[in-house]
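Just my_file_3.cif here, mmCIF, N, CA and C atoms:
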```
data_input
#
loop_
_atom_site.group_PDB
_atom_site.id
_atom_site.type_symbol
_atom_site.label_atom_id
_atom_site.label_comp_id
_atom_site.auth_asym_id
_atom_site.auth_seq_id
_atom_site.Cartn_x
_atom_site.Cartn_y
_atom_site.Cartn_z
ATOM 1 N N MET J 1 15.378 -12.440 12.395
ATOM 2 C CA MET J 1 14.231 -12.080 11.601
ATOM 3 C C MET J 1 14.211 -12.940 10.343
ATOM 4 N N ASN J 2 13.015 -13.318 9.973
ATOM 5 C CA ASN J 2 12.825 -14.156 8.801
ATOM 6 C C ASN J 2 11.781 -13.500 7.900
ATOM 7 N N PHE J 3 12.261 -12.740 6.898
ATOM 8 C CA PHE J 3 11.357 -12.018 6.013
ATOM 9 C C PHE J 3 11.007 -12.862 4.793
ATOM 10 N N THR J 4 9.745 -12.789 4.398
ATOM 11 C CA THR J 4 9.256 -13.501 3.233
ATOM 12 C C THR J 4 8.351 -12.566 2.443
ATOM 13 N N LEU J 5 8.438 -12.638 1.119
ATOM 14 C CA LEU J 5 7.562 -11.876 0.240
ATOM 15 C C LEU J 5 6.504 -12.795 -0.344
ATOM 16 N N TYR J 6 5.269 -12.332 -0.330
ATOM 17 C CA TYR J 6 4.176 -13.045 -0.968
ATOM 18 C C TYR J 6 3.493 -12.114 -1.952
ATOM 19 N N LYS J 7 3.253 -12.597 -3.162
ATOM 20 C CA LYS J 7 2.550 -11.794 -4.155
ATOM 21 C C LYS J 7 1.112 -11.595 -3.690
ATOM 22 N N ALA J 8 0.691 -10.341 -3.660
ATOM 23 C CA ALA J 8 -0.663 -10.006 -3.202
ATOM 24 C C ALA J 8 -1.640 -10.094 -4.366
ATOM 25 N N ASP J 9 -2.888 -10.265 -4.021
ATOM 26 C CA ASP J 9 -3.950 -10.173 -5.021
ATOM 27 C C ASP J 9 -5.079 -9.336 -4.431
ATOM 28 N N LYS J 10 -6.198 -9.302 -5.105
ATOM 29 C CA LYS J 10 -7.286 -8.402 -4.698
ATOM 30 C C LYS J 10 -7.817 -8.688 -3.304
ATOM 31 N N LYS J 11 -7.683 -9.903 -2.836
ATOM 32 C CA LYS J 11 -8.142 -10.200 -1.474
ATOM 33 C C LYS J 11 -7.252 -9.533 -0.415
ATOM 34 N N ASP J 12 -6.086 -9.053 -0.821
ATOM 35 C CA ASP J 12 -5.140 -8.420 0.101
ATOM 36 C C ASP J 12 -5.239 -6.896 0.125
ATOM 37 N N ILE J 13 -6.190 -6.334 -0.596
ATOM 38 C CA ILE J 13 -6.304 -4.877 -0.689
ATOM 39 C C ILE J 13 -6.456 -4.237 0.687
ATOM 40 N N SER J 14 -7.302 -4.769 1.536
ATOM 41 C CA SER J 14 -7.489 -4.152 2.861
ATOM 42 C C SER J 14 -6.208 -4.237 3.693
ATOM 43 N N LEU J 15 -5.435 -5.300 3.530
ATOM 44 C CA LEU J 15 -4.166 -5.425 4.251
ATOM 45 C C LEU J 15 -3.160 -4.399 3.736
ATOM 46 N N ILE J 16 -3.088 -4.210 2.430
ATOM 47 C CA ILE J 16 -2.185 -3.204 1.866
ATOM 48 C C ILE J 16 -2.560 -1.825 2.379
ATOM 49 N N ARG J 17 -3.837 -1.534 2.374
ATOM 50 C CA ARG J 17 -4.321 -0.232 2.866
ATOM 51 C C ARG J 17 -3.960 -0.042 4.343
ATOM 52 N N ASP J 18 -4.132 -1.086 5.130
ATOM 53 C CA ASP J 18 -3.801 -1.016 6.560
ATOM 54 C C ASP J 18 -2.305 -0.786 6.762
ATOM 55 N N LEU J 19 -1.488 -1.512 6.041
ATOM 56 C CA LEU J 19 -0.038 -1.339 6.164
ATOM 57 C C LEU J 19 0.379 0.067 5.739
ATOM 58 N N ALA J 20 -0.185 0.556 4.652
ATOM 59 C CA ALA J 20 0.146 1.899 4.177
ATOM 60 C C ALA J 20 -0.253 2.961 5.194
ATOM 61 N N SER J 21 -1.382 2.775 5.837
ATOM 62 C CA SER J 21 -1.855 3.780 6.803
ATOM 63 C C SER J 21 -0.923 3.906 8.003
ATOM 64 N N LYS J 22 -0.171 2.870 8.298
ATOM 65 C CA LYS J 22 0.731 2.903 9.457
ATOM 66 C C LYS J 22 1.951 3.788 9.225
ATOM 67 N N VAL J 23 2.302 4.045 7.969
ATOM 68 C CA VAL J 23 3.461 4.894 7.699
ATOM 69 C C VAL J 23 3.099 6.196 7.006
ATOM 70 N N TRP J 24 1.982 6.217 6.298
ATOM 71 C CA TRP J 24 1.612 7.360 5.476
ATOM 72 C C TRP J 24 1.551 8.658 6.264
ATOM 73 N N TYR J 25 0.762 8.697 7.300
ATOM 74 C CA TYR J 25 0.541 9.941 8.042
ATOM 75 C C TYR J 25 1.807 10.386 8.764
ATOM 76 N N HIS J 26 2.518 9.447 9.320
ATOM 77 C CA HIS J 26 3.761 9.773 10.023
ATOM 78 C C HIS J 26 4.800 10.338 9.049
ATOM 79 N N THR J 27 4.895 9.747 7.878
ATOM 80 C CA THR J 27 5.900 10.151 6.900
ATOM 81 C C THR J 27 5.654 11.554 6.358
ATOM 82 N N TYR J 28 4.399 11.889 6.093
ATOM 83 C CA TYR J 28 4.089 13.140 5.404
ATOM 84 C C TYR J 28 3.459 14.215 6.297
ATOM 85 N N ALA J 29 3.386 13.982 7.569
ATOM 86 C CA ALA J 29 2.718 14.926 8.480
ATOM 87 C C ALA J 29 3.375 16.299 8.510
ATOM 88 N N THR J 30 4.654 16.376 8.235
ATOM 89 C CA THR J 30 5.341 17.668 8.314
ATOM 90 C C THR J 30 5.229 18.487 7.031
ATOM 91 N N VAL J 31 4.714 17.893 5.955
ATOM 92 C CA VAL J 31 4.629 18.626 4.691
ATOM 93 C C VAL J 31 3.203 18.849 4.199
ATOM 94 N N HIS J 32 2.230 18.205 4.814
ATOM 95 C CA HIS J 32 0.837 18.343 4.389
ATOM 96 C C HIS J 32 -0.069 18.481 5.609
ATOM 97 N N THR J 33 -1.200 19.133 5.390
ATOM 98 C CA THR J 33 -2.193 19.219 6.460
ATOM 99 C C THR J 33 -2.880 17.861 6.614
ATOM 100 N N GLN J 34 -3.551 17.673 7.714
ATOM 101 C CA GLN J 34 -4.292 16.439 7.952
ATOM 102 C C GLN J 34 -5.340 16.219 6.855
ATOM 103 N N GLU J 35 -6.008 17.280 6.463
ATOM 104 C CA GLU J 35 -7.019 17.189 5.411
ATOM 105 C C GLU J 35 -6.388 16.746 4.088
ATOM 106 N N GLN J 36 -5.241 17.314 3.746
ATOM 107 C CA GLN J 36 -4.546 16.917 2.518
ATOM 108 C C GLN J 36 -4.102 15.457 2.586
ATOM 109 N N LEU J 37 -3.588 15.063 3.744
ATOM 110 C CA LEU J 37 -3.129 13.684 3.913
ATOM 111 C C LEU J 37 -4.269 12.694 3.714
ATOM 112 N N GLU J 38 -5.405 12.987 4.302
ATOM 113 C CA GLU J 38 -6.554 12.085 4.174
ATOM 114 C C GLU J 38 -7.020 11.999 2.727
ATOM 115 N N TYR J 39 -7.083 13.144 2.042
ATOM 116 C CA TYR J 39 -7.503 13.159 0.646
ATOM 117 C C TYR J 39 -6.530 12.354 -0.217
ATOM 118 N N MET J 40 -5.245 12.622 -0.064
ATOM 119 C CA MET J 40 -4.235 11.949 -0.868
ATOM 120 C C MET J 40 -4.207 10.444 -0.583
ATOM 121 N N PHE J 41 -4.330 10.082 0.679
ATOM 122 C CA PHE J 41 -4.326 8.659 1.034
ATOM 123 C C PHE J 41 -5.488 7.941 0.363
ATOM 124 N N ASP J 42 -6.672 8.533 0.438
ATOM 125 C CA ASP J 42 -7.843 7.916 -0.192
ATOM 126 C C ASP J 42 -7.686 7.832 -1.710
ATOM 127 N N GLN J 43 -7.038 8.828 -2.316
ATOM 128 C CA GLN J 43 -6.824 8.816 -3.764
ATOM 129 C C GLN J 43 -5.837 7.737 -4.193
ATOM 130 N N MET J 44 -4.905 7.397 -3.327
ATOM 131 C CA MET J 44 -3.879 6.413 -3.688
ATOM 132 C C MET J 44 -4.142 5.027 -3.117
ATOM 133 N N TYR J 45 -4.796 4.973 -1.974
ATOM 134 C CA TYR J 45 -4.942 3.702 -1.262
ATOM 135 C C TYR J 45 -6.385 3.304 -0.988
ATOM 136 N N GLY J 46 -7.327 3.956 -1.641
ATOM 137 C CA GLY J 46 -8.715 3.523 -1.533
ATOM 138 C C GLY J 46 -8.859 2.141 -2.168
ATOM 139 N N ASP J 47 -9.863 1.403 -1.757
ATOM 140 C CA ASP J 47 -10.051 0.046 -2.283
ATOM 141 C C ASP J 47 -10.138 0.026 -3.809
ATOM 142 N N LYS J 48 -10.927 0.922 -4.369
ATOM 143 C CA LYS J 48 -11.069 0.976 -5.829
ATOM 144 C C LYS J 48 -9.757 1.361 -6.498
ATOM 145 N N GLU J 49 -9.037 2.295 -5.883
ATOM 146 C CA GLU J 49 -7.783 2.750 -6.463
ATOM 147 C C GLU J 49 -6.742 1.636 -6.468
ATOM 148 N N LEU J 50 -6.650 0.890 -5.380
ATOM 149 C CA LEU J 50 -5.711 -0.231 -5.341
ATOM 150 C C LEU J 50 -6.092 -1.309 -6.353
ATOM 151 N N GLU J 51 -7.381 -1.571 -6.469
ATOM 152 C CA GLU J 51 -7.832 -2.557 -7.452
ATOM 153 C C GLU J 51 -7.506 -2.073 -8.871
ATOM 154 N N ASN J 52 -7.728 -0.793 -9.136
ATOM 155 C CA ASN J 52 -7.386 -0.242 -10.446
ATOM 156 C C ASN J 52 -5.892 -0.369 -10.729
ATOM 157 N N GLN J 53 -5.073 -0.091 -9.732
ATOM 158 C CA GLN J 53 -3.628 -0.236 -9.909
ATOM 159 C C GLN J 53 -3.271 -1.676 -10.268
ATOM 160 N N MET J 54 -3.885 -2.620 -9.587
ATOM 161 C CA MET J 54 -3.624 -4.032 -9.886
ATOM 162 C C MET J 54 -4.065 -4.361 -11.317
ATOM 163 N N ASN J 55 -5.216 -3.843 -11.716
ATOM 164 C CA ASN J 55 -5.723 -4.088 -13.066
ATOM 165 C C ASN J 55 -4.841 -3.455 -14.141
ATOM 166 N N GLU J 56 -4.117 -2.393 -13.769
ATOM 167 C CA GLU J 56 -3.269 -1.672 -14.719
ATOM 168 C C GLU J 56 -1.829 -2.192 -14.735
ATOM 169 N N GLY J 57 -1.572 -3.294 -14.039
ATOM 170 C CA GLY J 57 -0.255 -3.904 -14.123
ATOM 171 C C GLY J 57 0.658 -3.718 -12.934
ATOM 172 N N HIS J 58 0.187 -3.055 -11.884
ATOM 173 C CA HIS J 58 1.004 -2.971 -10.666
ATOM 174 C C HIS J 58 0.963 -4.334 -9.975
ATOM 175 N N THR J 59 2.110 -4.796 -9.552
ATOM 176 C CA THR J 59 2.189 -6.035 -8.787
ATOM 177 C C THR J 59 2.566 -5.667 -7.360
ATOM 178 N N PHE J 60 1.747 -6.093 -6.422
ATOM 179 C CA PHE J 60 1.984 -5.815 -5.008
ATOM 180 C C PHE J 60 2.525 -7.066 -4.327
ATOM 181 N N TYR J 61 3.428 -6.838 -3.400
ATOM 182 C CA TYR J 61 3.959 -7.910 -2.568
ATOM 183 C C TYR J 61 3.794 -7.506 -1.112
ATOM 184 N N ILE J 62 3.434 -8.473 -0.298
ATOM 185 C CA ILE J 62 3.341 -8.266 1.150
ATOM 186 C C ILE J 62 4.604 -8.850 1.765
ATOM 187 N N VAL J 63 5.211 -8.090 2.666
ATOM 188 C CA VAL J 63 6.408 -8.536 3.374
ATOM 189 C C VAL J 63 5.973 -9.047 4.746
ATOM 190 N N TYR J 64 6.356 -10.270 5.033
ATOM 191 C CA TYR J 64 6.038 -10.881 6.334
ATOM 192 C C TYR J 64 7.323 -11.114 7.110
ATOM 193 N N ASN J 65 7.264 -10.882 8.392
ATOM 194 C CA ASN J 65 8.307 -11.286 9.322
ATOM 195 C C ASN J 65 7.690 -12.402 10.145
ATOM 196 N N GLU J 66 8.161 -13.623 9.892
ATOM 197 C CA GLU J 66 7.504 -14.818 10.410
ATOM 198 C C GLU J 66 6.091 -14.830 9.821
ATOM 199 N N ASP J 67 5.050 -14.764 10.635
ATOM 200 C CA ASP J 67 3.672 -14.775 10.132
ATOM 201 C C ASP J 67 3.002 -13.406 10.231
ATOM 202 N N ILE J 68 3.793 -12.375 10.498
ATOM 203 C CA ILE J 68 3.237 -11.036 10.726
ATOM 204 C C ILE J 68 3.509 -10.151 9.515
ATOM 205 N N PRO J 69 2.453 -9.581 8.902
ATOM 206 C CA PRO J 69 2.687 -8.656 7.790
ATOM 207 C C PRO J 69 3.295 -7.356 8.311
ATOM 208 N N VAL J 70 4.448 -6.970 7.750
ATOM 209 C CA VAL J 70 5.163 -5.800 8.246
ATOM 210 C C VAL J 70 5.399 -4.735 7.182
ATOM 211 N N GLY J 71 5.062 -5.031 5.935
ATOM 212 C CA GLY J 71 5.273 -4.047 4.887
ATOM 213 C C GLY J 71 4.731 -4.537 3.559
ATOM 214 N N TYR J 72 4.878 -3.696 2.576
ATOM 215 C CA TYR J 72 4.430 -4.056 1.233
ATOM 216 C C TYR J 72 5.278 -3.287 0.241
ATOM 217 N N MET J 73 5.216 -3.697 -0.998
ATOM 218 C CA MET J 73 5.837 -2.937 -2.066
ATOM 219 C C MET J 73 5.017 -3.145 -3.331
ATOM 220 N N SER J 74 5.171 -2.222 -4.247
ATOM 221 C CA SER J 74 4.459 -2.291 -5.518
ATOM 222 C C SER J 74 5.464 -2.032 -6.631
ATOM 223 N N ILE J 75 5.386 -2.831 -7.668
ATOM 224 C CA ILE J 75 6.238 -2.607 -8.836
ATOM 225 C C ILE J 75 5.364 -2.637 -10.084
ATOM 226 N N GLN J 76 5.841 -1.959 -11.116
ATOM 227 C CA GLN J 76 5.136 -1.961 -12.392
ATOM 228 C C GLN J 76 6.191 -1.914 -13.481
ATOM 229 N N GLN J 77 6.088 -2.851 -14.401
ATOM 230 C CA GLN J 77 7.036 -2.889 -15.503
ATOM 231 C C GLN J 77 6.694 -1.783 -16.500
ATOM 232 N N LYS J 78 7.712 -1.078 -16.935
ATOM 233 C CA LYS J 78 7.545 -0.029 -17.934
ATOM 234 C C LYS J 78 8.323 -0.415 -19.181
ATOM 235 N N GLU J 79 7.879 0.090 -20.306
ATOM 236 C CA GLU J 79 8.573 -0.169 -21.575
ATOM 237 C C GLU J 79 9.948 0.454 -21.534
#
```
Using the file provided, produce a representation of the structure as structure tokens.
Amino acid sequence: MNFTLYKADKKDISLIRDLASKVWYHTYATVHTQEQLEYMFDQMYGDKELENQMNEGHTFYIVYNEDIPVGYMSIQQKE
């Protein structure tokens, strides 16, 4: 496996949302209802919300295995 990180920008918002959707429901299905999961996902991973996070200093990275996006991460520097 050959993993590479690329700094994401606003053009990558739909990819981040897609990657998040692949783990979000599976991860939290045992603690929240489907309705709660959908609401929470939209609140955290909606296009506007991701753009706002980027504008507020969150830096997103896309993880690639070869040429395939397989994950993402977000960091934010705090004082």
> Quick one: of J:Phe41, J:Phe3, J:Ala20, J:Lys10, who's nearest to Tyr72 of chain J, counting only C-alpha atoms?
Replying inline: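 For Tyr72 of chain J, the nearest of the candidates is J:Ala20.
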>> Among chain J, which ones does DSSP assign to strand (DSSP E) (computed from the backbone)? Answer as a list in words.
In response: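 For chain J, the strand (DSSP E) set is Phe3, Thr4, Leu5, Tyr6, Lys7, Thr59, Phe60, Tyr61, Ile62, Val63, Tyr64, Asn65, Ile68, Pro69, Val70, Gly71, Tyr72, Met73, Ser74 and Ile75 of chain J.
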> So which residues touch segment 59-66 of chain J within 7 Å, counting all atoms listed in the file, skipping near sequence neighbours fewer than 6 positions away, as a list in words?
Replying inline: Met1, Asn2, Phe3, Thr4, Leu5, Tyr6, Lys7, Ala8, Asp9, Gln53, Tyr72, Met73, Ser74, Ile75, Gln76 and Gln77 of chain J
Now that the selection is made, can you save its residues with N, CA and C atoms as an mmCIF file, in the frame of the given file?
```cif
data_model
loop_
_atom_site.group_PDB
_atom_site.id
_atom_site.type_symbol
_atom_site.label_atom_id
_atom_site.label_comp_id
_atom_site.auth_asym_id
_atom_site.auth_seq_id
_atom_site.Cartn_x
_atom_site.Cartn_y
_atom_site.Cartn_z
ATOM 1 N N MET J 1 15.378 -12.440 12.395
ATOM 2 C CA MET J 1 14.231 -12.080 11.601
ATOM 3 C C MET J 1 14.211 -12.940 10.343
ATOM 4 N N ASN J 2 13.015 -13.318 9.973
ATOM 5 C CA ASN J 2 12.825 -14.156 8.801
ATOM 6 C C ASN J 2 11.781 -13.500 7.900
ATOM 7 N N PHE J 3 12.261 -12.740 6.898
ATOM 8 C CA PHE J 3 11.357 -12.018 6.013
ATOM 9 C C PHE J 3 11.007 -12.862 4.793
ATOM 10 N N THR J 4 9.745 -12.789 4.398
ATOM 11 C CA THR J 4 9.256 -13.501 3.233
ATOM 12 C C THR J 4 8.351 -12.566 2.443
ATOM 13 N N LEU J 5 8.438 -12.638 1.119
ATOM 14 C CA LEU J 5 7.562 -11.876 0.240
ATOM 15 C C LEU J 5 6.504 -12.795 -0.344
ATOM 16 N N TYR J 6 5.269 -12.332 -0.330
ATOM 17 C CA TYR J 6 4.176 -13.045 -0.968
ATOM 18 C C TYR J 6 3.493 -12.114 -1.952
ATOM 19 N N LYS J 7 3.253 -12.597 -3.162
ATOM 20 C CA LYS J 7 2.550 -11.794 -4.155
ATOM 21 C C LYS J 7 1.112 -11.595 -3.690
ATOM 22 N N ALA J 8 0.691 -10.341 -3.660
ATOM 23 C CA ALA J 8 -0.663 -10.006 -3.202
ATOM 24 C C ALA J 8 -1.640 -10.094 -4.366
ATOM 25 N N ASP J 9 -2.888 -10.265 -4.021
ATOM 26 C CA ASP J 9 -3.950 -10.173 -5.021
ATOM 27 C C ASP J 9 -5.079 -9.336 -4.431
ATOM 28 N N GLN J 53 -5.073 -0.091 -9.732
ATOM 29 C CA GLN J 53 -3.628 -0.236 -9.909
ATOM 30 C C GLN J 53 -3.271 -1.676 -10.268
ATOM 31 N N TYR J 72 4.878 -3.696 2.576
ATOM 32 C CA TYR J 72 4.430 -4.056 1.233
ATOM 33 C C TYR J 72 5.278 -3.287 0.241
ATOM 34 N N MET J 73 5.216 -3.697 -0.998
ATOM 35 C CA MET J 73 5.837 -2.937 -2.066
ATOM 36 C C MET J 73 5.017 -3.145 -3.331
ATOM 37 N N SER J 74 5.171 -2.222 -4.247
ATOM 38 C CA SER J 74 4.459 -2.291 -5.518
ATOM 39 C C SER J 74 5.464 -2.032 -6.631
ATOM 40 N N ILE J 75 5.386 -2.831 -7.668
ATOM 41 C CA ILE J 75 6.238 -2.607 -8.836
ATOM 42 C C ILE J 75 5.364 -2.637 -10.084
ATOM 43 N N GLN J 76 5.841 -1.959 -11.116
ATOM 44 C CA GLN J 76 5.136 -1.961 -12.392
ATOM 45 C C GLN J 76 6.191 -1.914 -13.481
ATOM 46 N N GLN J 77 6.088 -2.851 -14.401
ATOM 47 C CA GLN J 77 7.036 -2.889 -15.503
ATOM 48 C C GLN J 77 6.694 -1.783 -16.500
#
```
>> I'd like to know which residues of chain J are helix (DSSP H, G or I) (by DSSP, run on the backbone); could you write them as a VMD selection string?
In response: chain J and resid 10 to 28 34 to 45 47 to 55
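Using all atoms listed in the file, the nearest neighbour of Pro69 of chain J within the list J:Leu37, J:Met44, J:Ala29, J:Leu19 is J:Leu19.
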Draw an axis-aligned box tight on the listed atoms of segment 50-55 of chain J, then pad every side by 3 Å and write out centre and edge lengths in Å to one decimal as AutoDock Vina command-line options.
```
--center_x -5.6 --center_y -1.7 --center_z -9.7 --size_x 10.6 --size_y 11.3 --size_z 14.8
```
>> Counting only C-alpha atoms, which residue out of J:Ile13, J:Ile68, J:Lys78, J:Val31 sits closest to Gly46 of chain J?
In response: J:Ile13
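Put simply, atom CA of Val23 of chain J is 14.0 Å away from atom N of Met40 of chain J.
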